[in-house]
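Source file: target.cif. Holds: mmCIF, C-alpha atoms.
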```
data_start
loop_
_atom_site.group_PDB
_atom_site.id
_atom_site.type_symbol
_atom_site.label_atom_id
_atom_site.label_comp_id
_atom_site.auth_asym_id
_atom_site.auth_seq_id
_atom_site.Cartn_x
_atom_site.Cartn_y
_atom_site.Cartn_z
ATOM 1 C CA MET A 1 18.155 -267.720 -32.335
ATOM 2 C CA HIS A 2 20.034 -266.783 -29.211
ATOM 3 C CA TRP A 3 23.277 -264.779 -29.569
ATOM 4 C CA THR A 4 25.189 -267.415 -27.615
ATOM 5 C CA VAL A 5 24.541 -269.926 -30.389
ATOM 6 C CA LEU A 6 26.284 -267.536 -32.745
ATOM 7 C CA LEU A 7 29.127 -266.985 -30.292
ATOM 8 C CA ALA A 8 29.613 -270.731 -29.961
ATOM 9 C CA ALA A 9 30.435 -270.891 -33.651
ATOM 10 C CA GLY A 10 33.307 -268.514 -33.003
ATOM 11 C CA VAL A 11 34.578 -270.209 -29.857
ATOM 12 C CA VAL A 12 36.066 -273.394 -31.227
ATOM 13 C CA ALA A 13 39.456 -274.660 -30.162
ATOM 14 C CA ALA A 14 40.412 -276.234 -33.482
ATOM 15 C CA TRP A 15 40.897 -273.281 -35.803
ATOM 16 C CA PRO A 16 43.498 -273.436 -38.556
ATOM 17 C CA ALA A 17 45.883 -270.452 -38.507
ATOM 18 C CA ALA A 18 46.300 -267.416 -36.297
ATOM 19 C CA ALA A 19 46.456 -263.726 -36.856
ATOM 20 C CA SER A 20 49.010 -261.750 -34.910
ATOM 21 C CA ALA A 21 47.049 -258.640 -33.952
ATOM 22 C CA GLN A 22 46.528 -257.594 -30.322
ATOM 23 C CA THR A 23 43.372 -259.047 -28.854
ATOM 24 C CA MET A 24 40.562 -257.538 -26.837
ATOM 25 C CA ASN A 25 40.924 -257.271 -23.084
ATOM 26 C CA ALA A 26 39.226 -260.308 -21.507
ATOM 27 C CA GLU A 27 37.204 -258.251 -19.012
ATOM 28 C CA VAL A 28 35.904 -255.994 -21.785
ATOM 29 C CA PHE A 29 34.902 -259.072 -23.785
ATOM 30 C CA TYR A 30 33.215 -260.646 -20.747
ATOM 31 C CA GLN A 31 31.252 -257.510 -19.880
ATOM 32 C CA LYS A 32 30.117 -257.058 -23.505
ATOM 33 C CA ALA A 33 29.020 -260.713 -23.629
ATOM 34 C CA LEU A 34 27.085 -260.387 -20.360
ATOM 35 C CA ALA A 35 25.372 -257.264 -21.677
ATOM 36 C CA LEU A 36 24.359 -259.149 -24.821
ATOM 37 C CA GLN A 37 22.993 -262.044 -22.776
ATOM 38 C CA LYS A 38 20.753 -259.586 -20.929
ATOM 39 C CA LYS A 39 19.354 -258.339 -24.245
ATOM 40 C CA GLY A 40 18.099 -261.816 -25.120
ATOM 41 C CA PRO A 41 16.932 -262.156 -28.736
ATOM 42 C CA MET A 42 17.431 -258.433 -29.317
ATOM 43 C CA ALA A 43 21.189 -259.062 -29.047
ATOM 44 C CA LEU A 44 21.113 -260.288 -32.635
ATOM 45 C CA PHE A 45 20.669 -256.678 -33.731
ATOM 46 C CA SER A 46 23.773 -255.515 -31.870
ATOM 47 C CA GLY A 47 27.049 -254.926 -33.677
ATOM 48 C CA ASP A 48 28.766 -256.440 -30.667
ATOM 49 C CA VAL A 49 27.646 -259.944 -31.664
ATOM 50 C CA LYS A 50 29.854 -259.972 -34.752
ATOM 51 C CA LEU A 51 32.667 -258.252 -32.861
ATOM 52 C CA LEU A 52 32.623 -260.882 -30.100
ATOM 53 C CA MET A 53 32.316 -263.774 -32.543
ATOM 54 C CA LYS A 54 35.300 -262.470 -34.495
ATOM 55 C CA GLU A 55 37.308 -261.887 -31.317
ATOM 56 C CA GLY A 56 36.478 -265.314 -29.869
ATOM 57 C CA LYS A 57 37.468 -267.043 -33.075
ATOM 58 C CA ALA A 58 40.711 -265.052 -33.394
ATOM 59 C CA ALA A 59 41.647 -265.748 -29.758
ATOM 60 C CA GLY A 60 41.131 -269.468 -30.338
ATOM 61 C CA GLU A 61 43.229 -269.343 -33.491
ATOM 62 C CA ARG A 62 46.064 -267.563 -31.702
ATOM 63 C CA ALA A 63 45.955 -269.920 -28.701
ATOM 64 C CA ARG A 64 46.155 -272.881 -31.064
ATOM 65 C CA ALA A 65 48.998 -271.318 -33.052
ATOM 66 C CA HIS A 66 50.976 -270.708 -29.853
ATOM 67 C CA ARG A 67 50.475 -274.359 -28.825
ATOM 68 C CA VAL A 68 51.440 -275.710 -32.246
ATOM 69 C CA THR A 69 54.549 -273.495 -32.406
ATOM 70 C CA ALA A 70 55.659 -274.515 -28.899
ATOM 71 C CA GLN A 71 55.130 -278.171 -29.764
ATOM 72 C CA ARG A 72 57.046 -277.849 -33.043
ATOM 73 C CA GLU A 73 59.929 -276.100 -31.252
ATOM 74 C CA GLY A 74 60.070 -278.693 -28.481
ATOM 75 C CA ARG A 75 58.914 -276.257 -25.785
ATOM 76 C CA PRO A 76 56.308 -277.210 -23.172
ATOM 77 C CA VAL A 77 52.702 -276.753 -24.260
ATOM 78 C CA ARG A 78 50.083 -275.374 -21.902
ATOM 79 C CA TYR A 79 47.144 -277.509 -23.006
ATOM 80 C CA CYS A 80 46.779 -280.832 -24.793
ATOM 81 C CA PRO A 81 43.552 -281.310 -26.750
ATOM 82 C CA PRO A 82 42.698 -284.826 -27.897
ATOM 83 C CA PRO A 83 42.904 -285.567 -31.631
ATOM 84 C CA GLY A 84 39.926 -284.441 -33.653
ATOM 85 C CA LYS A 85 37.740 -281.391 -33.551
ATOM 86 C CA GLN A 86 37.295 -279.823 -30.134
ATOM 87 C CA SER A 87 34.789 -277.127 -29.351
ATOM 88 C CA LEU A 88 33.409 -275.055 -26.538
ATOM 89 C CA GLY A 89 29.745 -274.236 -26.374
ATOM 90 C CA SER A 90 28.839 -270.681 -25.507
ATOM 91 C CA THR A 91 27.502 -271.601 -22.070
ATOM 92 C CA GLU A 92 30.654 -273.517 -21.157
ATOM 93 C CA PHE A 93 32.850 -270.778 -22.588
ATOM 94 C CA MET A 94 31.121 -268.029 -20.595
ATOM 95 C CA LYS A 95 31.196 -270.128 -17.413
ATOM 96 C CA ARG A 96 34.919 -270.764 -17.799
ATOM 97 C CA LEU A 97 35.648 -267.138 -18.735
ATOM 98 C CA GLY A 98 33.645 -265.997 -15.703
ATOM 99 C CA ALA A 99 35.670 -268.368 -13.499
ATOM 100 C CA ILE A 100 38.832 -266.400 -14.284
ATOM 101 C CA PRO A 101 39.073 -263.856 -11.462
ATOM 102 C CA GLN A 102 37.957 -260.372 -12.521
ATOM 103 C CA THR A 103 41.334 -258.902 -11.552
ATOM 104 C CA ASP A 104 43.022 -261.349 -13.922
ATOM 105 C CA ARG A 105 40.485 -260.792 -16.722
ATOM 106 C CA ALA A 106 41.132 -257.060 -16.427
ATOM 107 C CA ARG A 107 44.845 -257.502 -17.152
ATOM 108 C CA ILE A 108 44.882 -260.260 -19.783
ATOM 109 C CA ASP A 109 43.812 -260.348 -23.405
ATOM 110 C CA MET A 110 41.419 -262.825 -24.968
ATOM 111 C CA THR A 111 44.225 -265.033 -26.286
ATOM 112 C CA GLU A 112 45.498 -265.588 -22.747
ATOM 113 C CA ALA A 113 41.946 -266.035 -21.445
ATOM 114 C CA MET A 114 41.243 -268.617 -24.148
ATOM 115 C CA THR A 115 44.500 -270.407 -23.343
ATOM 116 C CA ARG A 116 43.606 -270.525 -19.635
ATOM 117 C CA ILE A 117 40.197 -271.942 -20.504
ATOM 118 C CA LEU A 118 41.783 -274.604 -22.709
ATOM 119 C CA VAL A 119 44.385 -275.480 -20.034
ATOM 120 C CA ILE A 120 41.507 -276.441 -17.725
ATOM 121 C CA LYS A 121 39.443 -278.188 -20.397
ATOM 122 C CA PHE A 122 42.380 -280.061 -21.962
ATOM 123 C CA PRO A 123 45.098 -280.504 -19.329
ATOM 124 C CA CYS A 124 48.353 -282.165 -20.332
ATOM 125 C CA LEU A 125 48.525 -285.442 -18.495
ATOM 126 C CA LYS A 126 51.912 -286.385 -17.104
ATOM 127 C CA SER A 127 52.965 -289.936 -17.914
#
```
Could I get this file's structure written as structure tokens?
Amino acid sequence: MHWTVLLAAGVVAAWPAAASAQTMNAEVFYQKALALQKKGPMALFSGDVKLLMKEGKAAGERARAHRVTAQREGRPVRYCPPPGKQSLGSTEFMKRLGAIPQTDRARIDMTEAMTRILVIKFPCLKS
């Protein structure tokens, strides 16, 4: 089993509640994920797999919680997922994370990176 399959389980945009702890720097996450990809199947034996899965899931939970809170409070939301369960596969997630300029990834956390990814995947359509 490839590590990205495991990461995909943690990178879902429809998580229930959010934790409020500080998240990992997006560039650190990206570099760790790239390093794991290079390891291939041996990545499964790395402690970083669980760390990245946990971080990806937490970032998704926090991004969702921020959207739900903004919506509940009548503030503008940054992304608008369709009803139902939405997910990001690991390949799509890494492609979208890699599309964020390195200078930006270096200064944002994973919650902001996840939000930026979701803004592109699920834009809010103006009516």
| query | For the atom pair atom CA of Leu52 of chain A and atom CA of Phe93 of chain A, what is the interatomic distance in Å to one decimal place? | reply |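 Those two atoms sit 12.4 Å apart.
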| query | Taking into account only C-alpha atoms, which residue in the set A:His66, A:Pro76, A:Ala59, A:Lys50 is nearest to Ile117 of chain A? | reply |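 Ranking A:His66, A:Pro76, A:Ala59, A:Lys50 by distance to Ile117 of chain A, first place goes to A:Ala59.
In this comparison, which uses all atoms listed in the file, the residue of A:Ala33, A:Ile100, A:Leu88, A:Met53 approaching Glu112 of chain A most closely is A:Ile100.
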Using the file's own x, y and z axes, so that the box edges lie along x, y and z, what centre and edge lengths in Å (one decimal) does a box around every listed atom of segment 96-103 of chain A get when 4 Å is added on each side? Give it as JSON.
```
{"center_x": 37.5, "center_y": -264.8, "center_z": -15.1, "size_x": 15.7, "size_y": 19.9, "size_z": 15.3}
```
Report as a PDB file with C-alpha atoms, in the frame of the given file the full result of the PyMOL selection byres ((chain A and resi 115) around 8) when it is applied to this structure.
```
ATOM      1  CA  GLY A  60      41.131-269.468 -30.338  1.00  0.00           C
ATOM      2  CA  ALA A  63      45.955-269.920 -28.701  1.00  0.00           C
ATOM      3  CA  ARG A  78      50.083-275.374 -21.902  1.00  0.00           C
ATOM      4  CA  TYR A  79      47.144-277.509 -23.006  1.00  0.00           C
ATOM      5  CA  THR A 111      44.225-265.033 -26.286  1.00  0.00           C
ATOM      6  CA  GLU A 112      45.498-265.588 -22.747  1.00  0.00           C
ATOM      7  CA  ALA A 113      41.946-266.035 -21.445  1.00  0.00           C
ATOM      8  CA  MET A 114      41.243-268.617 -24.148  1.00  0.00           C
ATOM      9  CA  ARG A 116      43.606-270.525 -19.635  1.00  0.00           C
ATOM     10  CA  ILE A 117      40.197-271.942 -20.504  1.00  0.00           C
ATOM     11  CA  LEU A 118      41.783-274.604 -22.709  1.00  0.00           C
ATOM     12  CA  VAL A 119      44.385-275.480 -20.034  1.00  0.00           C
TER      13      VAL A 119
END
```
| message | I need the residue nearest Met110 of chain A from this list: A:Val49, A:Leu36, A:Leu97, A:Leu125. Use only C-alpha atoms for the distance. | response |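 Ranking A:Val49, A:Leu36, A:Leu97, A:Leu125 by distance to Met110 of chain A, first place goes to A:Leu97.
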| task | Grab the atom CA of Cys80 of chain A to atom CA of Pro123 of chain A distance for me, in Å with one decimal place. | result |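 Going from atom CA of Cys80 of chain A over to atom CA of Pro123 of chain A covers 5.7 Å.
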